[in-house]
Structures are given as C-alpha cells and as structure tokens.
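Visitor: The structure under discussion is supplied below as structure tokens; questions concerning it will follow.
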Amino acid sequence: MKKFFPFCFLFFIIPLIPYAQFDNNWEQKVDPIVLKKSKSETNTEFIIVMEEQAELSKTNTLKTKEEKGLFVYKTLVEIATRTQKEVIQILRNKNALFQSYWVANVIWVNGDISIIQEIAPLSAVKEIIENASYTFPKPIENIESTSESRTIEWGITKTQADKVWALGYTGQGIVIGGDDTGYDWTHPALKKKYRGWNGTSADHNYNWHDAVKSGNGGACGINALAPCDDFGHGTHTMGTMVGDDEAGNQIGMAPGASWIGCRNMDVGNGTFTMYVECFQFFLAPTDLTNSNANPLKSPHVINNSWGCIESEGCNSSNYATMETVIKNLNAAGIVVVSSSGNSGPNCSTIDTPPSIFANSFVVGSTTNSDEISSFSSRGPITIYSCNEVKPDVTAPGTGIRSSYKDGTYTTMSGTSMAGPHVAGLVALIISANPELAGQVDSIENIIRKTATPLTSTENCGSISGSLIPNYTFGHGRIDALAAVNMAVSIKETEKKEFPIQIYPNPCSDYISVEFQNKQANAFLHVYNNMGQLVLDSKIEPFKKINISALSEGVFFYVIETETIHFNGKLVKIK
C-alpha cells in the first residue's frame with residue numbers, strides 16, 4: 001500500500017533549547033520498523049509520541065457538551081503547546097517536514113535517522129512509531145446502481161426509526177460527523193442536510209476538512225476545499241445516517257439532522273495521521289485554512305468505517321495512541337461509532353482499530369430476518385486489552401440501499417452499512433432529549449438496554465451465545481423506538497427535578513418558560529457561542545417568547561428571578 005504524507009509545514013531555523021534531559025537508551029523508544037527504514041532510506045515517515053498526555057477526568061463533573069468540548073480543547077492544546085516546544089525547535093533547525101497535533105500529543109515527521117537520534121533521547125519523548133497504513137473494510141456486495149425512487153428502506157423500518165419520526169423526532173438540531181472516503185455533498189439525498197448549505201449557497205468552513213494533503217487524491221485531487229468522494233463509500237454511509245431526497249428515497253435514520261465531513265482516505269487508503277487529523281477537526285472544527293478552531297461546532301456523534309490491516313502495513317505500535325484520541329473525543333462529549341469489520345464468521349475477528357477500543361461503540365451487521373451477517377466480525381477482542389463485550393450492538397447491514405457518488409443510489413453489504421444506522425439513532429435520541437447531548441455513557445447505555453435481544457449457537461470466548469450480551473450480536477439489534485422512548489422517559493424524570501423548564505427545545509419560532517413555583521420579575525437572557533447577548537426578555541405567565549430572529553444554532557440562556565439563577569442551552573432550528 002502506498003503511504004501519503006499528511007498536511008505538513010516547513011519551519012524556519014531557530015536555536016536549540018539548552019539543558020535538555022536525555023535518555024541514553026533511546027533506541028528502545030523507536031519502533032524497530034522505523035529504525036530499520038530510517039537506516040536504509042533518505043527520509044522516513046514516523047510519529048513522535050510525547051510522554052505527557054492529558055488527564056481529562058474533570059469532564060465527568062461538567063454538565064453540557066459545550067462545557068466538555070471547550071475544556072478538552074483548551075487542555076489538549078495547552079499540553080501540546082508546552083511539551084512539544086523542544087522537539088519542534090529541533091525539527092525546525094533541521095528543516096524537517098512535520099505537523100504537530102494536539103488531539104493526542106504527537107508530531108508527524110518526514111525525516112532521516114539523524115533526527116531520530118537527536119529526538120528519541122529526550123525525556124519528554126515517550127516513543128517514536130510508524131505512520132501505519134489504514135483502509136476501510138471493503139463492502140461485501142455492491143449491486144448495480146439505480147436511480148429509481150423507493151419508499152422507506154428496510155433498515156429504517158426494521159429498527160422502527162420511522163415510528164420515531166411520527167413522534168416528532170427526526171434528529172433536528174443534531175450534527176453528525178462522517179469520517180470516511182469523502183462525500184458527494186450535492187447528492188439530492190444529502191445536500192439539504194449538509195450544515196454548510198443554507199438553501200441558496202454553501203459555506204464549507206467548519207463543515208468540511210480534507211486530510212489528504214498529497215498523494216493520488218483520485219477524482220477529488222488533494223486538499224479539496226469542498227466535500228468530495230473519490231470512492232463512493234462515504235456517500236453511502238452518510239445516506240444511511242441522514243439521507244432523504246424528499247422524492248421517495250427515504251434512506252436515512254435521522255433525516256432532520258445535519259452533517260459535516262472529513263476525508264481520511266485517499267481512494268480508500270489512509271495513514272494514522274490522516275485519521276488523527278480528521279478526529280482533531282471533529283473535536284474542534286476549523287475554517288478552510290485549518291485555522292480558528294471552534295469546539296462549539298463539533299458534532300454529537302461520528303461514524304467510522306475503517307480499519308488497520310496487518311497485511312497492508314499496519315503496525316500495532318500505534319494502537320495505544322489511537323485509543324488516546326478516541327478517549328479524548330469521548331471526554332469532549334462525542335459518541336464514536338465504529339463498524340466491527342467484515343472478517344467473520346469466526347470468533348475474535350474484531351481485530352482492527354478503532355473497533356478494538358473500549359471507548360468505541362462497536363456495531364456488527366444483521367440481515368432483514370435478524371440473523372447475523374456471515375461477514376460480520378465477532379468478539380472477543382484478543383489482540384488488544386479490551387474487557388468490554390464487542391460488538392456493543394448490531395444493526396441492519398446486509399443489502400442496504402443508500403446514496404452513492406455522482407447522485408446515484410446503490411446497494412451494499414458490510415458492517416460499514418450497519419454502523420451508520422447507530423450514528424443516526426444517536427441523533428434521534430438527542431433530539432428527543434437534548435439534555436443527553438454530551439452524555440456519551442448514558443446514550444450508549446440507552447442503545448444497549450433497548451436493543452432487541454438476539455442469541456446465537458456460536459460460543460465465542462467465555463460467553464455462551466445464548467446469553468445477553470454475547471460476542472456475536474452484543475446486546476442485540478438496535479430498536480430506535482424503544483431507545484427514544486427511554487430517552488423521553490429520562491427527560492420526564494429529570495423535568496420533575498428542575499425548578500424551571502424551557503420548551504420546546506429544540507425550537508423554531510417561540511418558546512415558553514415554566515416554573516414549578518410562581519415567580520415574579522423573571523427574565524430570560526440568551527447568548528451566542530461568542531458570549532454576546534442576543535435576546536433579553538421579561539418572562540410573563542402564559543406568554544410565549546418570540547425567538548424567530550435568532551439564527552440557527554446552539555445558544556446559552558440564563559433565567560434570573562429574585563431567588564433563582566438558572567442556565568442551560570437552547571437549540572434553534574429552522
């Protein structure tokens with residue numbers, strides 16, 4: 001597999017920092033593959049992993065997704081800025097190509113053995129690993145494309161998502177991130193769902209990022225400034241999450257949700273740093289110049305359908321670093337959905353990142369008769385330390401019709417088709433109970449607890465297939481209606497505990513404020529994500545407050561009375 005260089009900068013020469021601390025056993029820090037390559041090649045790609053990584057347990061005490069995202073972003077950037085200075089100074093002095101990342105405290109380098117010899121001994125450096133190759137599990141079946149209109153696809157009705165729509169929850173106000181081969185954003189089923197489209201024009205800032213900075217680039221070229229799919233796989237997965245062309249092709253679980261995307265593969269193949277770069281974009285989206293990061297624009301959930309295959313150059317030395325990235329995203333309140341892989345039917349075939357990590361929400365594939373798809377990878381995970389039962393759940397993945405590049409539709413089979421059903425379900429759950437936004441564990445537990453239990457005659461690992469959960473189906477096939485009903489019941493329970501309720505939320509034109517006890521001289525203050533006051537209104541009994549002048553997005557509100565100071569978030573939709 002070819003390896004392609006991620007985005008990098010050439011820096012100026014500056015003096016070295018004096019009094020550095022060194023480790024004389026530096027070769028032990030270097031991946032043997034990197035060491036061997038660097039001794040025989042003029043330039044070698046490698047990843048410098050810094051010793052200090054972020055401690056983010058404080059996010060457990062933070063209530064909102066916005067609070068978590070801001071805290072995680074600021075903490076990660078501070079640590080990377082402080083600890084990478086010495087290494088960056090050396091790289092600049094040697095005119096090396098490099099790129100610093102903060103989503104995990106790492107630096108990508110394309111350099112020679114002399115750089116490794118100088119950097120590896122530094123005590124601030126934990127290890128130097130390979131920039132391993134990644135790819136996505138190729139679809140098992142690809143039926144000939146068609147442009148015919150159909151009704152609601154079977155995966156939607158099987159999971160009862162259409163019944164959730166009837167309750168008024170379609171994913172409105174929720175943002176889904178797609179981490180894949182790219183996206184045909186002008187596809188009729190996707191265009192109106194793209195967060196960068198306002199109905200008349202497109203703004204790709206904060207809504208799209210291309211991690212392919214060199215190499216082939218396929219039909220999209222490199223560093224594409226607008227969403228583009230050089231393979232078709234990403235467009236298919238996004239269709240299952242949000243797709244609806246309003247002309248009969250109801251292919252998406254959450255047609256009311258918005259989507260943003262990142263291309264992390266070059267014609268289906270990527271590297272460790274391409275994936276890291278996309279995850280960093282999702283944690284704090286940037287403009288098209290890769291500047292002005294804003295964690296308040298991060299998605300609620302990210303879908304991932306890719307893996308690291310040993311036969312194509314994968315090196316397990318980077319597993320721990322990739323796991324750190326996933327943990328940091330979870331800490332920021334983002335659900336990370338991962339397809340289990342297409343290596344079944346044997347046990348212990350869930351064997352590639354990100355599905356081998358405890359913090360990934362792993363999805364296997366089922367047929368329309370609730371049988372496990374033969375290709376769906378099974379647990380337990382034996383190549384990496386993970387004590388969780390994986391897959392977590394299963395979802396429809398055999399014969400899934402969805403959008404495809406160039407405005408067409410096609411049917412595919414694979415766990416890549418199952419995962420998007422779960423990402424869409426996350427959007428439905430949060431739209432039904434916005435207070436769950438950022439509560440990753442709660443959302444995942446709702447999906448597990450409400451899944452339709454499925455058992456198997458397969459006995460993988462120490463768990464019988466007759467038990468729930470098991471290593472074939474996990475907790476079972478997802479049930480969107482049951483999950484949303486549980487989310488709503490939690491909301492009703494919480495409602496009794498709060499002295500104030502503001503509804504509807506998400507909202508479009510008017511809101512109402514309800515107090516448990518009568519209040520006099522109550523006021524509502526609404527702020528945008530820059531902290532600017534955009535609405536100031538007195539709250540009067542039985543009188544709605546007009547918020548139609550507010551733009552679409554997330555706002556923060558404060559309700560003040562003589563005895564109460566109450567705050568929360570308000571989601572404005574069209």
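Order determines the names: the first chain of the structure tokens is A, the second B, and so forth; residues in each chain are numbered 1 upward, and ligands are numbered 1 upward as they are shown.
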List the neighbours of Thr42 (chain A) out to 10 Å using only C-alpha atoms; skip same-chain residues closer than 2 positions along the sequence, and give me the result as an MDAnalysis selection string.
Guide: chainID A and resid 37:40 44 110:113
Visitor: Near region 336-344 of chain A, counting only C-alpha atoms, which residues have an atom at most 6 Å away, once you skip same-chain residues fewer than 6 positions from it, shown as a PDB file with N, CA and C atoms, in the first residue's frame?
Guide:
ATOM      1  N   VAL A 301     -21.951  13.057  17.235  1.00  0.00           N
ATOM      2  CA  VAL A 301     -21.588  11.665  17.007  1.00  0.00           C
ATOM      3  C   VAL A 301     -20.771  11.599  15.725  1.00  0.00           C
ATOM      4  N   ILE A 302     -19.828  10.657  15.675  1.00  0.00           N
ATOM      5  CA  ILE A 302     -19.001  10.461  14.481  1.00  0.00           C
ATOM      6  C   ILE A 302     -19.121   9.010  14.052  1.00  0.00           C
ATOM      7  N   ASN A 303     -19.336   8.786  12.761  1.00  0.00           N
ATOM      8  CA  ASN A 303     -19.362   7.430  12.222  1.00  0.00           C
ATOM      9  C   ASN A 303     -18.009   7.093  11.600  1.00  0.00           C
ATOM     10  N   ASN A 304     -17.515   5.872  11.912  1.00  0.00           N
ATOM     11  CA  ASN A 304     -16.219   5.406  11.401  1.00  0.00           C
ATOM     12  C   ASN A 304     -16.363   4.015  10.805  1.00  0.00           C
ATOM     13  N   SER A 305     -15.950   3.878   9.547  1.00  0.00           N
ATOM     14  CA  SER A 305     -15.974   2.577   8.872  1.00  0.00           C
ATOM     15  C   SER A 305     -14.621   2.345   8.215  1.00  0.00           C
ATOM     16  N   ILE A 350     -12.900  -9.305  15.463  1.00  0.00           N
ATOM     17  CA  ILE A 350     -12.835  -7.859  15.666  1.00  0.00           C
ATOM     18  C   ILE A 350     -11.395  -7.579  16.047  1.00  0.00           C
ATOM     19  N   SER A 355     -12.343  -0.357  16.318  1.00  0.00           N
ATOM     20  CA  SER A 355     -13.333  -1.229  16.962  1.00  0.00           C
ATOM     21  C   SER A 355     -12.763  -2.036  18.125  1.00  0.00           C
ATOM     22  N   SER A 360     -14.840   2.953  21.860  1.00  0.00           N
ATOM     23  CA  SER A 360     -15.579   2.956  20.600  1.00  0.00           C
ATOM     24  C   SER A 360     -16.886   2.196  20.790  1.00  0.00           C
ATOM     25  N   PHE A 361     -17.965   2.694  20.180  1.00  0.00           N
ATOM     26  CA  PHE A 361     -19.248   1.997  20.238  1.00  0.00           C
ATOM     27  C   PHE A 361     -19.340   1.145  18.981  1.00  0.00           C
ATOM     28  N   VAL A 362     -19.141  -0.154  19.138  1.00  0.00           N
ATOM     29  CA  VAL A 362     -18.881  -1.062  18.020  1.00  0.00           C
ATOM     30  C   VAL A 362     -20.171  -1.730  17.544  1.00  0.00           C
ATOM     31  N   VAL A 363     -20.331  -1.780  16.206  1.00  0.00           N
ATOM     32  CA  VAL A 363     -21.578  -2.254  15.604  1.00  0.00           C
ATOM     33  C   VAL A 363     -21.318  -3.396  14.628  1.00  0.00           C
ATOM     34  N   GLY A 364     -22.011  -4.522  14.848  1.00  0.00           N
ATOM     35  CA  GLY A 364     -21.989  -5.641  13.916  1.00  0.00           C
ATOM     36  C   GLY A 364     -23.174  -5.541  12.965  1.00  0.00           C
ATOM     37  N   PHE A 375     -20.464 -12.196   7.271  1.00  0.00           N
ATOM     38  CA  PHE A 375     -19.197 -11.473   7.231  1.00  0.00           C
ATOM     39  C   PHE A 375     -18.923 -10.672   8.492  1.00  0.00           C
ATOM     40  N   SER A 376     -19.932 -10.468   9.342  1.00  0.00           N
ATOM     41  CA  SER A 376     -19.800  -9.577  10.487  1.00  0.00           C
ATOM     42  C   SER A 376     -18.753 -10.105  11.479  1.00  0.00           C
ATOM     43  N   SER A 377     -17.784  -9.281  11.820  1.00  0.00           N
ATOM     44  CA  SER A 377     -16.727  -9.693  12.746  1.00  0.00           C
ATOM     45  C   SER A 377     -17.280  -9.894  14.150  1.00  0.00           C
ATOM     46  N   THR A 415     -20.407  -4.254   7.510  1.00  0.00           N
ATOM     47  CA  THR A 415     -20.630  -3.580   8.785  1.00  0.00           C
ATOM     48  C   THR A 415     -20.524  -2.063   8.616  1.00  0.00           C
ATOM     49  N   SER A 416     -19.908  -1.622   7.511  1.00  0.00           N
ATOM     50  CA  SER A 416     -19.892  -0.192   7.193  1.00  0.00           C
ATOM     51  C   SER A 416     -21.296   0.335   6.928  1.00  0.00           C
ATOM     52  N   GLY A 419     -23.056   0.409  10.916  1.00  0.00           N
ATOM     53  CA  GLY A 419     -22.669   1.490  11.817  1.00  0.00           C
ATOM     54  C   GLY A 419     -23.462   2.766  11.628  1.00  0.00           C
TER      55      GLY A 419
END
Visitor: Return the single residue from A:Ala437, A:Gly232, A:Val125, A:Leu454 that is closest to Ser369 (chain A), with distances computed using only C-alpha atoms.
Guide: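 Among A:Ala437, A:Gly232, A:Val125, A:Leu454, it is A:Leu454 that comes nearest to Ser369 (chain A).
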Visitor: Out of A:Lys158, A:Lys29, A:Lys405, A:Arg263, which residue has the shortest atom-to-atom distance to His421 (chain A) when counting only C-alpha atoms?
Guide: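 Residue with the minimum atom-to-atom distance to His421 (chain A): A:Lys158.
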Visitor: Run DSSP on the backbone and tell me which residues of region 316-506 of chain A come out as strand (DSSP E or B); list them as a PyMOL selection string.
Guide: chain A and resi 335-339+361-366+372+393-396+400-404+408-413+452+470+474+477+500-503
Visitor: Show which residues sit within 10 Å of Cys460 (chain A), as a PyMOL selection string. Count only C-alpha atoms, and ignore same-chain residues fewer than 6 positions away.
Guide: chain A and resi 346-348+378-380+470-472
Visitor: Give me, as number ranges by chain, all polymer residues having an atom no more than 8 Å from Pro188 (chain A), counting only C-alpha atoms and skipping those fewer than 3 positions away in the same chain.
Guide: A: 191-192, 244-245, 407
Visitor: So that I have them on file, write out the residues from the current selection with N, CA, C and O atoms, as a compact mmCIF listing (two decimals), in the first residue's frame.
Guide:
# COMPACT_ATOMS: atom_id res chain seq x y z
N LYS A 191 -27.76 17.03 0.14
CA LYS A 191 -27.46 18.46 0.03
C LYS A 191 -28.17 19.30 1.08
O LYS A 191 -27.55 20.13 1.76
N LYS A 192 -29.46 19.10 1.24
CA LYS A 192 -30.22 19.90 2.19
C LYS A 192 -29.89 19.56 3.64
O LYS A 192 -30.24 20.32 4.55
N ASP A 244 -32.43 11.79 2.61
CA ASP A 244 -33.82 11.88 2.17
C ASP A 244 -33.88 12.93 1.07
O ASP A 244 -33.62 14.11 1.30
N ASP A 245 -34.22 12.50 -0.16
CA ASP A 245 -34.27 13.46 -1.27
C ASP A 245 -35.64 14.11 -1.40
O ASP A 245 -35.88 14.90 -2.32
N GLY A 407 -24.60 11.35 -7.53
CA GLY A 407 -26.04 11.49 -7.46
C GLY A 407 -26.84 10.22 -7.63
O GLY A 407 -28.06 10.27 -7.81
Visitor: Taking only C-alpha atoms into account, which of A:Asp266, A:Pro285, A:Asn131, A:Thr61 comes nearest Glu45 (chain A)?
Guide: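 Answer, going by the shortest atom-to-atom distance: A:Asn131.
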Visitor: Go through A:Asp287, A:Glu388, A:Glu67, A:Glu458 and flag the residue nearest Ile372 (chain A), using only C-alpha atoms for the distances.
Guide: A:Glu458
Visitor: Could you please determine the separation between CA of Tyr73 (chain A) and CA of Ala224 (chain A) in Å, to one decimal place?
Guide: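 CA of Ala224 (chain A) lies 25.3 Å from CA of Tyr73 (chain A).
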Visitor: To one decimal place in Å, what is the distance between CA of Met265 (chain A) and CA of Trp306 (chain A)?
Guide: 9.1 Å
Visitor: Under the rule that only C-alpha atoms are counted, which of A:Lys163, A:Arg401, A:Lys327, A:Lys390 is the nearest residue to Asn249 (chain A)?
Guide: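 Result for the nearest residue to Asn249 (chain A): A:Arg401.
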Visitor: Can you tell me, as JSON, numbers by chain, what residues are no more than 7 Å from region 239-243 of chain A when counting only C-alpha atoms, ignoring any on the same chain fewer than 6 positions away?
Guide: {"A": [189, 190, 193, 250, 251, 252, 253, 254, 255, 257, 402, 403, 420, 421, 423, 424]}
